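Everything on this sheet refers to the single structure shown next.
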Amino acid sequence: MPKDNENVPLPMLTTDGPGDLAPDPATEPFAPDQMVRCDECLRANPPTRVNCLYCAAVLPLSETTVNLQKPALRPLEKWEQGYNNILLPRPANDAGDLADTDLREAADLLRLRPADLALILSSRIPLPLARAATIDEASLVQRRLSSLGIDSCIVPDTQPGTNATGPIKVRGLEIDDEGIYAFQTPETPAIRVSWSDFVLLVVGRLTVKRVELKEQKGARAENRILDASEFVTDETVVDFYTKKQTVPYRIVANSFDFSCLGENKGLLTSENIPTLLNLIRHHAPHADYDDSFNSVRKALEAVWPPQQQNESSGWRRERPGKYSIGSVTELSNEMQFLRYSRLRYHFKAEKLTKTNDHA
């Protein structure tokens with residue numbers, strides 16, 4: 001292979017053979033004068049790219065390329081911080097629907113199925129449309145969507161409420177007329193939160209599906225599943241935000257002590273969670289309450305899918321010449337709910353900021 005990859009000849013499509021097909025016009029290569037030269041590494045790039053193929057630098061825009069660029073919208077790694085294009089729904093009195101051609105074009109741009117995009121648009125609440133790797137890619141998505149009549153804003157993953165350790169998990173409460181004492185563990189000091197500090201409660205469900213497999217490995221025989229088991233957990237979760245803390249406090253039903261309910265405590269968790277929520281809402285009626293997560297999960301999955309984690313439990317020798325290996329696959333929507341919770345807080349915080357500015 002020649003080391004100068006800029007001079008490597010490109011394969012040519014021909015119709016010389018009887019079985020060859022004519023090239024599709026949509027897949028024809030770009031002409032040399034259509035290529036965009038990177039200002040950093042000086043290499044030529046297709047006009048559809050936002051970032052340089054070789055050095056990832058932002059490519060310059062021109063009147064020719066501005067309408068040709070398409071976002072890559074690649075799936076991000078767990079450790080990557082992205083930029084979310086969030087739908088800004090039309091007012092309730094605006095019944096204008098997107099034309100079918102515009103819907104298909106927008107779905108193609110966002111790499112979504114038209115049915116999934118239609119579901120997001122019909123929700124009438126701010127939901128993610130795309131998650132990009134860079135601000136330039138997110139800006140391109142926003143600009144192209146605006147030309148199709150879809151208003152959106154960009155919310156980075158590093159918005160307020162982001163914390164490397166996740167939300168503050170609350171295991172128990174003490175409740176009085178002035179507020180609550182939140183306990184993370186019996187050993188740590190309680191956190192005091194006044195009722196007047198509550199601004200938002202977001203309720204949803206955490207679902208974890210765990211599949212464990214044991215496969216037989218043989219030198220000659222095909223792999224065979226020896227054992228398989230599946231475990232599913234489903235529990236209510238509550239994130240509540242306060243004026244003095246942008247990171248949410250989290251109550252997970254199956255790991256919370258409901259003794260704070262006193263004589264109103266029931267035998268089942270499914271009874272105690274509504275009682276606790278009603279008690280908090282009674283003392284903090286000014287705080288917004290959002291329980292729409294369960295109804296919009298289908299729309300969220302197109303852009304914020306549940307996270308999958310694969311692990312191996314190692315090899316084991318069953319008998320001479322026969323080995324088995326165990327694997328564990330876990331699918332969880334915990335990050336999906338956290339992103340949704342933070343999104344609700346983002347718009348609540350913006351609303352509070354505007355109110356304070358006008359005061």
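The chains in the structure tokens are called A, B, ... from first to last as shown; in each chain the residues are counted from 1, and the ligands are counted from 1 in the order shown.
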
With a distance cut-off of 7 Å and only C-alpha atoms, select the neighbouring residues of Leu331 in chain A, excluding the residue or stretch itself and same-chain residues fewer than 6 positions from it, and output the selection as a PDB file with N, CA, C and O atoms, in the first residue's frame.
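New file selection-v5.pdb:
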```pdb
ATOM      1  N   VAL A 208     -34.662  -2.923  35.086  1.00  0.00           N
ATOM      2  CA  VAL A 208     -33.391  -3.586  34.810  1.00  0.00           C
ATOM      3  C   VAL A 208     -33.689  -5.025  34.392  1.00  0.00           C
ATOM      4  O   VAL A 208     -34.360  -5.766  35.121  1.00  0.00           O
ATOM      5  N   LYS A 209     -33.201  -5.408  33.218  1.00  0.00           N
ATOM      6  CA  LYS A 209     -33.352  -6.775  32.719  1.00  0.00           C
ATOM      7  C   LYS A 209     -31.970  -7.415  32.671  1.00  0.00           C
ATOM      8  O   LYS A 209     -31.066  -6.890  32.026  1.00  0.00           O
ATOM      9  N   ARG A 210     -31.811  -8.538  33.332  1.00  0.00           N
ATOM     10  CA  ARG A 210     -30.518  -9.217  33.423  1.00  0.00           C
ATOM     11  C   ARG A 210     -30.661 -10.634  32.881  1.00  0.00           C
ATOM     12  O   ARG A 210     -31.515 -11.403  33.347  1.00  0.00           O
ATOM     13  N   PRO A 306     -32.123   2.547  26.380  1.00  0.00           N
ATOM     14  CA  PRO A 306     -31.553   1.970  27.608  1.00  0.00           C
ATOM     15  C   PRO A 306     -30.124   1.503  27.363  1.00  0.00           C
ATOM     16  O   PRO A 306     -29.767   1.108  26.251  1.00  0.00           O
ATOM     17  N   GLN A 307     -29.304   1.550  28.398  1.00  0.00           N
ATOM     18  CA  GLN A 307     -27.902   1.165  28.253  1.00  0.00           C
ATOM     19  C   GLN A 307     -27.720  -0.325  28.493  1.00  0.00           C
ATOM     20  O   GLN A 307     -28.315  -0.887  29.418  1.00  0.00           O
ATOM     21  N   GLN A 308     -26.903  -0.937  27.646  1.00  0.00           N
ATOM     22  CA  GLN A 308     -26.614  -2.362  27.758  1.00  0.00           C
ATOM     23  C   GLN A 308     -25.183  -2.565  28.218  1.00  0.00           C
ATOM     24  O   GLN A 308     -24.267  -1.911  27.737  1.00  0.00           O
ATOM     25  N   GLN A 309     -25.015  -3.481  29.142  1.00  0.00           N
ATOM     26  CA  GLN A 309     -23.678  -3.814  29.640  1.00  0.00           C
ATOM     27  C   GLN A 309     -23.477  -5.319  29.563  1.00  0.00           C
ATOM     28  O   GLN A 309     -24.314  -6.088  30.051  1.00  0.00           O
TER      29      GLN A 309
END
```

With a distance cut-off of 12 Å and only C-alpha atoms, select the neighbouring residues of Leu148 in chain A, excluding the residue or stretch itself and same-chain residues fewer than 5 positions from it, and output the selection as a count of residues only.
15

Selection: 9 Å around Ala302 in chain A, only C-alpha atoms, excl. self and same-chain fewer than 5 positions, as a ChimeraX atom specification:
/A:112-113,116-117,120,128-130

For all heavy atoms, I'd like the residues from the last selection saved as an mmCIF file, in the first residue's frame.
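This went into again_0.cif:
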```cif
data_model
loop_
_atom_site.group_PDB
_atom_site.id
_atom_site.type_symbol
_atom_site.label_atom_id
_atom_site.label_comp_id
_atom_site.auth_asym_id
_atom_site.auth_seq_id
_atom_site.Cartn_x
_atom_site.Cartn_y
_atom_site.Cartn_z
ATOM 1 N N LEU A 112 -33.739 8.548 12.155
ATOM 2 C CA LEU A 112 -34.849 7.943 12.884
ATOM 3 C C LEU A 112 -35.852 7.393 11.881
ATOM 4 O O LEU A 112 -35.897 7.808 10.720
ATOM 5 C CB LEU A 112 -35.552 8.969 13.782
ATOM 6 C CG LEU A 112 -34.752 9.629 14.892
ATOM 7 C CD1 LEU A 112 -35.606 10.699 15.578
ATOM 8 C CD2 LEU A 112 -34.276 8.611 15.909
ATOM 9 N N ARG A 113 -36.664 6.475 12.342
ATOM 10 C CA ARG A 113 -37.787 6.039 11.523
ATOM 11 C C ARG A 113 -38.858 7.120 11.549
ATOM 12 O O ARG A 113 -39.070 7.767 12.580
ATOM 13 C CB ARG A 113 -38.364 4.726 12.050
ATOM 14 C CG ARG A 113 -37.409 3.550 11.979
ATOM 15 C CD ARG A 113 -38.090 2.276 12.432
ATOM 16 N NE ARG A 113 -38.655 2.422 13.772
ATOM 17 C CZ ARG A 113 -39.417 1.518 14.365
ATOM 18 N NH1 ARG A 113 -39.716 0.392 13.734
ATOM 19 N NH2 ARG A 113 -39.890 1.726 15.580
ATOM 20 N N ASP A 116 -41.103 6.889 14.508
ATOM 21 C CA ASP A 116 -40.523 7.315 15.782
ATOM 22 C C ASP A 116 -40.510 8.837 15.895
ATOM 23 O O ASP A 116 -40.794 9.395 16.960
ATOM 24 C CB ASP A 116 -39.101 6.772 15.925
ATOM 25 C CG ASP A 116 -39.073 5.267 16.113
ATOM 26 O OD1 ASP A 116 -40.081 4.718 16.591
ATOM 27 O OD2 ASP A 116 -38.049 4.634 15.772
ATOM 28 N N LEU A 117 -40.162 9.520 14.807
ATOM 29 C CA LEU A 117 -40.159 10.980 14.829
ATOM 30 C C LEU A 117 -41.574 11.517 15.018
ATOM 31 O O LEU A 117 -41.785 12.486 15.773
ATOM 32 C CB LEU A 117 -39.549 11.528 13.539
ATOM 33 C CG LEU A 117 -39.521 13.056 13.415
ATOM 34 C CD1 LEU A 117 -38.779 13.690 14.577
ATOM 35 C CD2 LEU A 117 -38.902 13.474 12.086
ATOM 36 N N ILE A 120 -42.448 11.378 18.652
ATOM 37 C CA ILE A 120 -41.812 12.446 19.428
ATOM 38 C C ILE A 120 -42.548 13.765 19.229
ATOM 39 O O ILE A 120 -42.829 14.487 20.190
ATOM 40 C CB ILE A 120 -40.333 12.588 19.023
ATOM 41 C CG1 ILE A 120 -39.558 11.322 19.383
ATOM 42 C CG2 ILE A 120 -39.704 13.799 19.697
ATOM 43 C CD1 ILE A 120 -38.127 11.309 18.871
ATOM 44 N N PRO A 128 -35.953 14.710 23.364
ATOM 45 C CA PRO A 128 -34.771 14.717 22.504
ATOM 46 C C PRO A 128 -35.077 14.262 21.084
ATOM 47 O O PRO A 128 -35.836 13.321 20.870
ATOM 48 C CB PRO A 128 -33.831 13.728 23.213
ATOM 49 C CG PRO A 128 -34.744 12.807 23.954
ATOM 50 C CD PRO A 128 -35.890 13.670 24.407
ATOM 51 N N LEU A 129 -34.465 14.967 20.133
ATOM 52 C CA LEU A 129 -34.561 14.606 18.727
ATOM 53 C C LEU A 129 -33.279 13.949 18.225
ATOM 54 O O LEU A 129 -33.311 13.133 17.313
ATOM 55 C CB LEU A 129 -34.844 15.847 17.879
ATOM 56 C CG LEU A 129 -36.211 16.503 18.058
ATOM 57 C CD1 LEU A 129 -36.192 17.909 17.483
ATOM 58 C CD2 LEU A 129 -37.305 15.671 17.410
ATOM 59 N N ALA A 130 -32.145 14.330 18.817
ATOM 60 C CA ALA A 130 -30.852 13.784 18.416
ATOM 61 C C ALA A 130 -29.851 14.053 19.532
ATOM 62 O O ALA A 130 -30.031 14.957 20.355
ATOM 63 C CB ALA A 130 -30.371 14.408 17.110
#
```

With only C-alpha atoms counted and 6 Å as the cut-off, give the residues of range 109-153 of chain A in contact with range 72-92 of chain A, each with its shortest interatomic distance in Å and the pair that gives it, as CSV.
```
residue,atom,partner,partner_atom,distance
A:Arg124,CA,A:Pro89,CA,5.3
A:Ile125,CA,A:Pro89,CA,5.9
A:Pro126,CA,A:Leu87,CA,5.0
A:Leu127,CA,A:Leu87,CA,5.4
A:Pro128,CA,A:Ile86,CA,4.4
A:Leu129,CA,A:Asn85,CA,5.5
A:Ala130,CA,A:Asn85,CA,5.2
A:Arg131,CA,A:Asn84,CA,4.4
A:Ala132,CA,A:Tyr83,CA,5.1
A:Ala133,CA,A:Gly82,CA,4.8
A:Asp151,CA,A:Leu88,CA,5.4
A:Ser152,CA,A:Leu87,CA,4.5
A:Cys153,CA,A:Ile86,CA,5.3
```

Residues as selected, all heavy atoms, written as an mmCIF file, in the first residue's frame, can you do that?
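Ended up saving to out.cif:
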```
data_model
loop_
_atom_site.group_PDB
_atom_site.id
_atom_site.type_symbol
_atom_site.label_atom_id
_atom_site.label_comp_id
_atom_site.auth_asym_id
_atom_site.auth_seq_id
_atom_site.Cartn_x
_atom_site.Cartn_y
_atom_site.Cartn_z
ATOM 1 N N ARG A 124 -45.955 16.680 22.413
ATOM 2 C CA ARG A 124 -46.270 18.038 22.845
ATOM 3 C C ARG A 124 -45.495 18.480 24.081
ATOM 4 O O ARG A 124 -45.913 19.390 24.789
ATOM 5 C CB ARG A 124 -47.773 18.195 23.097
ATOM 6 C CG ARG A 124 -48.642 18.062 21.857
ATOM 7 C CD ARG A 124 -48.440 19.223 20.900
ATOM 8 N NE ARG A 124 -49.288 19.123 19.715
ATOM 9 C CZ ARG A 124 -49.325 20.042 18.747
ATOM 10 N NH1 ARG A 124 -48.535 21.091 18.825
ATOM 11 N NH2 ARG A 124 -50.095 19.880 17.694
ATOM 12 N N ILE A 125 -44.392 17.794 24.407
ATOM 13 C CA ILE A 125 -43.510 18.221 25.487
ATOM 14 C C ILE A 125 -42.077 18.171 24.968
ATOM 15 O O ILE A 125 -41.794 17.471 23.995
ATOM 16 C CB ILE A 125 -43.648 17.352 26.755
ATOM 17 C CG1 ILE A 125 -43.242 15.904 26.462
ATOM 18 C CG2 ILE A 125 -45.048 17.415 27.323
ATOM 19 C CD1 ILE A 125 -43.209 15.027 27.705
ATOM 20 N N PRO A 126 -41.150 18.923 25.564
ATOM 21 C CA PRO A 126 -39.760 18.894 25.096
ATOM 22 C C PRO A 126 -39.146 17.502 25.249
ATOM 23 O O PRO A 126 -39.045 16.978 26.347
ATOM 24 C CB PRO A 126 -39.052 19.912 25.998
ATOM 25 C CG PRO A 126 -40.134 20.810 26.496
ATOM 26 C CD PRO A 126 -41.347 19.928 26.633
ATOM 27 N N LEU A 127 -38.740 16.906 24.129
ATOM 28 C CA LEU A 127 -38.125 15.586 24.115
ATOM 29 C C LEU A 127 -36.918 15.620 23.176
ATOM 30 O O LEU A 127 -36.852 16.452 22.274
ATOM 31 C CB LEU A 127 -39.122 14.518 23.647
ATOM 32 C CG LEU A 127 -40.273 14.165 24.587
ATOM 33 C CD1 LEU A 127 -41.160 13.108 23.944
ATOM 34 C CD2 LEU A 127 -39.776 13.680 25.931
ATOM 35 N N PRO A 128 -35.953 14.710 23.364
ATOM 36 C CA PRO A 128 -34.771 14.717 22.504
ATOM 37 C C PRO A 128 -35.077 14.262 21.084
ATOM 38 O O PRO A 128 -35.836 13.321 20.870
ATOM 39 C CB PRO A 128 -33.831 13.728 23.213
ATOM 40 C CG PRO A 128 -34.744 12.807 23.954
ATOM 41 C CD PRO A 128 -35.890 13.670 24.407
ATOM 42 N N LEU A 129 -34.465 14.967 20.133
ATOM 43 C CA LEU A 129 -34.561 14.606 18.727
ATOM 44 C C LEU A 129 -33.279 13.949 18.225
ATOM 45 O O LEU A 129 -33.311 13.133 17.313
ATOM 46 C CB LEU A 129 -34.844 15.847 17.879
ATOM 47 C CG LEU A 129 -36.211 16.503 18.058
ATOM 48 C CD1 LEU A 129 -36.192 17.909 17.483
ATOM 49 C CD2 LEU A 129 -37.305 15.671 17.410
ATOM 50 N N ALA A 130 -32.145 14.330 18.817
ATOM 51 C CA ALA A 130 -30.852 13.784 18.416
ATOM 52 C C ALA A 130 -29.851 14.053 19.532
ATOM 53 O O ALA A 130 -30.031 14.957 20.355
ATOM 54 C CB ALA A 130 -30.371 14.408 17.110
ATOM 55 N N ARG A 131 -28.783 13.246 19.539
ATOM 56 C CA ARG A 131 -27.672 13.450 20.479
ATOM 57 C C ARG A 131 -26.384 13.412 19.667
ATOM 58 O O ARG A 131 -26.020 12.383 19.110
ATOM 59 C CB ARG A 131 -27.675 12.369 21.558
ATOM 60 C CG ARG A 131 -26.605 12.579 22.645
ATOM 61 C CD ARG A 131 -26.888 11.714 23.855
ATOM 62 N NE ARG A 131 -25.862 11.874 24.877
ATOM 63 C CZ ARG A 131 -24.956 10.950 25.188
ATOM 64 N NH1 ARG A 131 -24.976 9.778 24.576
ATOM 65 N NH2 ARG A 131 -24.066 11.186 26.115
ATOM 66 N N ALA A 132 -25.733 14.572 19.573
ATOM 67 C CA ALA A 132 -24.553 14.733 18.720
ATOM 68 C C ALA A 132 -23.284 14.729 19.552
ATOM 69 O O ALA A 132 -23.304 15.006 20.751
ATOM 70 C CB ALA A 132 -24.661 16.020 17.917
ATOM 71 N N ALA A 133 -22.171 14.458 18.878
ATOM 72 C CA ALA A 133 -20.881 14.392 19.563
ATOM 73 C C ALA A 133 -20.268 15.765 19.761
ATOM 74 O O ALA A 133 -19.495 15.963 20.705
ATOM 75 C CB ALA A 133 -19.918 13.502 18.783
ATOM 76 N N ASP A 151 -38.807 23.527 15.553
ATOM 77 C CA ASP A 151 -38.000 24.339 16.459
ATOM 78 C C ASP A 151 -37.348 23.450 17.506
ATOM 79 O O ASP A 151 -37.971 22.524 18.037
ATOM 80 C CB ASP A 151 -38.865 25.393 17.150
ATOM 81 C CG ASP A 151 -39.419 26.419 16.171
ATOM 82 O OD1 ASP A 151 -38.735 26.695 15.167
ATOM 83 O OD2 ASP A 151 -40.534 26.919 16.396
ATOM 84 N N SER A 152 -36.092 23.744 17.813
ATOM 85 C CA SER A 152 -35.365 22.951 18.806
ATOM 86 C C SER A 152 -34.347 23.826 19.509
ATOM 87 O O SER A 152 -34.031 24.929 19.064
ATOM 88 C CB SER A 152 -34.665 21.751 18.144
ATOM 89 O OG SER A 152 -33.684 22.206 17.219
ATOM 90 N N CYS A 153 -33.825 23.333 20.624
ATOM 91 C CA CYS A 153 -32.729 23.983 21.330
ATOM 92 C C CYS A 153 -31.668 22.935 21.627
ATOM 93 O O CYS A 153 -31.926 21.729 21.517
ATOM 94 C CB CYS A 153 -33.217 24.649 22.620
ATOM 95 S SG CYS A 153 -33.811 23.494 23.887
#
```

At a cut-off of 10 Å, using only C-alpha atoms, what residues contact range 268-284 of chain A? Leave out same-chain residues fewer than 2 positions from it and give the result as a PyMOL selection string.
chain A and resi 175-180+194-201+203+235-238+251-261+264-266+286-289

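Across A:Gln336, A:Ser123, A:Ser324, A:Thr353, the tightest approach to Ile225 in chain A is made by A:Ser324 when counting only C-alpha atoms.
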
CA of Asp39 in chain A sits from CA of Leu61 in chain A at a separation of 11.2 Å

Expected answer as a ChimeraX atom specification: strand (DSSP E or B) residues in range 135-324 of chain A
/A:152-156,168-169,172-175,179-183,191-194,198-218,224-242,245-252,257,288-290,307-319,322-324
